[in-house]
Amino acid sequence: MGGFRSDGTWRNWAGNQVARPARVERPRTEEEVSALVRRAAAEGRRVRVVGAGHSFTAIAVTDDVLVTLDDLAAVVDIDRETGLVRVQAGIRLTALNPLLHAAGLAMPNLGDIAYQSVAGAISTSTHGTGLGFRSIADGVVGLRVVTGDGFVLACDGGQNADLLHVARVGLGALGIVTEVTLRCVPAFNLRAVEEVLPVDEVLDHFDQFAEATDHTEFFWMPHTGRALLKRNTRTTEAPPPPRNRRHALRRRWKRFKNKELMENAVFGALNHLGRLRPAMVPRFNGLVAGEGRAEYLTTSYEVFASPRRVRFYEMEYAVPREHGLEAFRRVQEVVDGLGRPISFPVEFRILGGDDIPLSTASGRDTAYIAVHVFRGTRYEDYFRGVEAVMDDYGGRPHWGKLHFQSAATLADRYPGWEAFRSARARLDPDGRFSNDYLDRVLGPVS
Ligand SMILES: Cc1cc2nc3c(=O)[nH]c(=O)nc-3n(C[C@H](O)[C@H](O)[C@H](O)COP(=O)(O)OP(=O)(O)OC[C@H]3O[C@@H](n4cnc5c(N)ncnc54)[C@H](O)[C@@H]3O)c2cc1C
């Protein structure tokens, strides 16, 4: 569904954003990236790069020059000693994770999926969960960026360190990232415990769970009073070998049943049915929420990231950690007051704060609350209701997920807003990398 089409259009994963670019560029080298930016500048055209198209907003959309780095997607260097890994910016996390694993390394933390490109993930402040951990961008120690005049800038701890600091979460507004150096960690496994519990019990004890476990999150299934609590603990312990072939098959079947059948095939079918028969949604949600407890141990990236085949629209907000649970309870009231059933869960995660100017966790430990609806269904009243709650806590929207904010409402929510604006004015004074979405959320280049 998402991606480039033979009619010259491009669509994002969710299918809610369409671009009709005047030209699509597919550079194979950094020199070609510089050349295409210079050519666009000479023609007075704007330029956007698209990664895997997994943003729900129009952040990557343009009707001018759309660039894909699918041919700039290789691993440049893996240093097993230091854990520093240099990759070309277009590489997808799905491709990178097994290569890191084979080298005895891993990304320190990941989000729910691994389809994103590395540059796309860092550019929007993509994150997972865990108080002792930070966003993917926080692990970036070096970048190469092609700026608005086609010049290549190398940024690391030694050169242009001030720009590296800002450009880790750049929204694609500072230039085209061609290469990223990531600080990785020794490979590890995760012991996953997934449990369906009364949502009030999860809320009452969430802080204890989160303090005691490396990576904690939960999904509340609206209209059921139940939540799926996920707790992942880091370990170097190996998965116990299967007792026999039957045991091995049973393990594989259980995982397939949970990840493919329940979270994708059955969930998708129930969402289609729910669209036809909305009154049935609460009952379907009960089936999806399920019950019981599962425990398993496997490679970190296989636990962090799951397949997501049912398409949806999403909004996610970052609020100070200490207000997270209160904000979540208010979101439950919004859902209950909508007057129509919601068939997708509400997700709650937490993360350590960082110092990146436009990171959603900048300057504060953060709670993330995400709301979703099935693709093609109405969301505006729901998302606006949730956004009004988030405004009360200085909430920061995920840059790649739907929201209704503008530069005027966002500027005060980021301590590093001015640092970002001045880096943008320096690297892209003509707004070569801007588009309608950036004009809205960042304002004009100044
Ligand atoms: C099913 C699903 C699950 C998700 N789960 C999570 C999650 O768990 N946690 C989370 O935080 N987010 C999550 N997201 C959001 C997703 O991580 C972000 O939207 C991310 O930016 C997508 O990466 P991408 O490669 O698709 O980037 P795109 O959406 O293609 O682009 C995003 C931005 O990055 C810019 N960009 C891309 N490449 C470059 C480059 N080389 N140089 C400069 N700018 C560049 C683009 O211009 C654009 O501004 C999810 C999204 C989906 C659809």
# chains A, B, ... in the order shown; residues from 1 in each chain; ligands from 1

call {"tool": "residues_around", "arguments": {"residues": "stretch 438-440 of chain A", "least_positions_apart": "3", "cutoff": "8 Å", "atoms": "only C-alpha atoms", "output": "PyMOL selection string"}}
result
chain A and resi 59+173+406-407+434-435+443-444

call {"tool": "write_last_selection", "arguments": {"atoms": "C-alpha atoms", "output": "compact mmCIF listing (two decimals), in the first residue's frame"}}
result
# COMPACT_ATOMS: atom_id res chain seq x y z
CA ILE A 59 6.23 15.40 7.37
CA ALA A 173 14.51 20.31 8.24
CA SER A 406 1.58 24.73 15.25
CA ALA A 407 4.86 26.56 15.87
CA SER A 434 10.77 22.81 4.16
CA ASN A 435 7.25 21.69 3.28
CA GLY A 443 7.30 28.28 11.27
CA PRO A 444 9.38 30.01 8.61

call {"tool": "select_by_dssp", "arguments": {"residues": "stretch 93-183 of chain A", "states": "strand (DSSP E)", "output": "PyMOL selection string"}}
result
chain A and resi 105-106+140-146+152-156+176-183

call {"tool": "select_by_dssp", "arguments": {"residues": "stretch 50-112 of chain A", "states": "helix (DSSP H, G or I)", "output": "PyMOL selection string"}}
result
chain A and resi 93-102

call {"tool": "write_last_selection", "arguments": {"atoms": "N, CA and C atoms", "output": "PDB file, in the first residue's frame"}}
result
ATOM      1  N   LEU A  93      15.806  -0.540   9.943  1.00  0.00           N
ATOM      2  CA  LEU A  93      16.166  -1.233  11.193  1.00  0.00           C
ATOM      3  C   LEU A  93      15.989  -2.744  11.056  1.00  0.00           C
ATOM      4  N   THR A  94      15.023  -3.171  10.266  1.00  0.00           N
ATOM      5  CA  THR A  94      14.839  -4.625  10.058  1.00  0.00           C
ATOM      6  C   THR A  94      16.071  -5.262   9.434  1.00  0.00           C
ATOM      7  N   ALA A  95      16.751  -4.498   8.582  1.00  0.00           N
ATOM      8  CA  ALA A  95      17.960  -5.043   7.949  1.00  0.00           C
ATOM      9  C   ALA A  95      19.142  -4.931   8.910  1.00  0.00           C
ATOM     10  N   LEU A  96      19.187  -3.839   9.664  1.00  0.00           N
ATOM     11  CA  LEU A  96      20.339  -3.608  10.536  1.00  0.00           C
ATOM     12  C   LEU A  96      20.376  -4.556  11.738  1.00  0.00           C
ATOM     13  N   ASN A  97      19.226  -4.800  12.347  1.00  0.00           N
ATOM     14  CA  ASN A  97      19.217  -5.565  13.606  1.00  0.00           C
ATOM     15  C   ASN A  97      19.903  -6.935  13.502  1.00  0.00           C
ATOM     16  N   PRO A  98      19.577  -7.762  12.492  1.00  0.00           N
ATOM     17  CA  PRO A  98      20.264  -9.063  12.411  1.00  0.00           C
ATOM     18  C   PRO A  98      21.758  -8.935  12.135  1.00  0.00           C
ATOM     19  N   LEU A  99      22.154  -7.872  11.388  1.00  0.00           N
ATOM     20  CA  LEU A  99      23.589  -7.682  11.111  1.00  0.00           C
ATOM     21  C   LEU A  99      24.329  -7.331  12.401  1.00  0.00           C
ATOM     22  N   LEU A 100      23.701  -6.480  13.218  1.00  0.00           N
ATOM     23  CA  LEU A 100      24.315  -6.152  14.514  1.00  0.00           C
ATOM     24  C   LEU A 100      24.435  -7.412  15.361  1.00  0.00           C
ATOM     25  N   HIS A 101      23.362  -8.187  15.372  1.00  0.00           N
ATOM     26  CA  HIS A 101      23.342  -9.404  16.200  1.00  0.00           C
ATOM     27  C   HIS A 101      24.480 -10.352  15.798  1.00  0.00           C
ATOM     28  N   ALA A 102      24.672 -10.482  14.491  1.00  0.00           N
ATOM     29  CA  ALA A 102      25.736 -11.373  14.009  1.00  0.00           C
ATOM     30  C   ALA A 102      27.108 -10.865  14.445  1.00  0.00           C
TER      31      ALA A 102
END

call {"tool": "residues_around", "arguments": {"residues": "A:Val87", "least_positions_apart": "2", "cutoff": "7 Å", "atoms": "only C-alpha atoms", "output": "PyMOL selection string"}}
result
chain A and resi 74-77+85+89+179-181

call {"tool": "atom_distance", "arguments": {"atom1": "atom CA of A:Ile356", "atom2": "atom CA of A:Val141"}}
result
12.2 Å

call {"tool": "closest_residue", "arguments": {"among": "A:Gly15, A:Gly395, A:Gly83, A:Gly172", "to": "A:Leu410", "atoms": "only C-alpha atoms"}}
result
A:Gly395

call {"tool": "residues_around", "arguments": {"residues": "A:Ala114", "least_positions_apart": "3", "cutoff": "10 Å", "atoms": "only C-alpha atoms", "output": "JSON, numbers by chain"}}
result
{"A": [92, 93, 94, 95, 96, 97, 110, 111, 117, 118, 121, 301, 302, 304, 305, 306, 307, 308]}

call {"tool": "atom_distance", "arguments": {"atom1": "atom CA of A:Asp355", "atom2": "atom CA of A:Leu171"}}
result
16.1 Å

call {"tool": "residues_around", "arguments": {"residues": "stretch 285-288 of chain A", "least_positions_apart": "4", "cutoff": "12 Å", "atoms": "only C-alpha atoms", "output": "number ranges by chain"}}
result
A: 196, 219-228, 258, 261-271, 273-274, 278-281, 341-345

call {"tool": "closest_atom_pairs", "arguments": {"of": "stretch 166-201 of chain A", "to": "stretch 21-31 of chain A", "cutoff": "12 Å", "atoms": "only C-alpha atoms", "output": "Markdown table"}}
result
| residue | atom | partner | partner_atom | distance |
| --- | --- | --- | --- | --- |
| A:Ile176 | CA | A:Glu30 | CA | 9.6 |
| A:Val177 | CA | A:Glu30 | CA | 9.4 |
| A:Thr178 | CA | A:Glu30 | CA | 6.4 |
| A:Glu179 | CA | A:Glu30 | CA | 8.8 |

call {"tool": "write_last_selection", "arguments": {"atoms": "C-alpha atoms", "output": "PDB file, in the first residue's frame"}}
result
ATOM      1  CA  ILE A 176      19.679  15.307   4.045  1.00  0.00           C
ATOM      2  CA  VAL A 177      21.396  12.934   6.436  1.00  0.00           C
ATOM      3  CA  THR A 178      23.568  10.557   4.425  1.00  0.00           C
ATOM      4  CA  GLU A 179      25.372   8.660   7.182  1.00  0.00           C
TER       5      GLU A 179
END

call {"tool": "atom_distance", "arguments": {"atom1": "atom CA of A:Leu338", "atom2": "atom CA of A:Ile113"}}
result
29.1 Å

call {"tool": "closest_residue", "arguments": {"among": "A:Ala161, A:Leu84, A:Ala388, A:Met315", "to": "ligand 1", "atoms": "only C-alpha atoms and all ligand atoms"}}
result
A:Met315
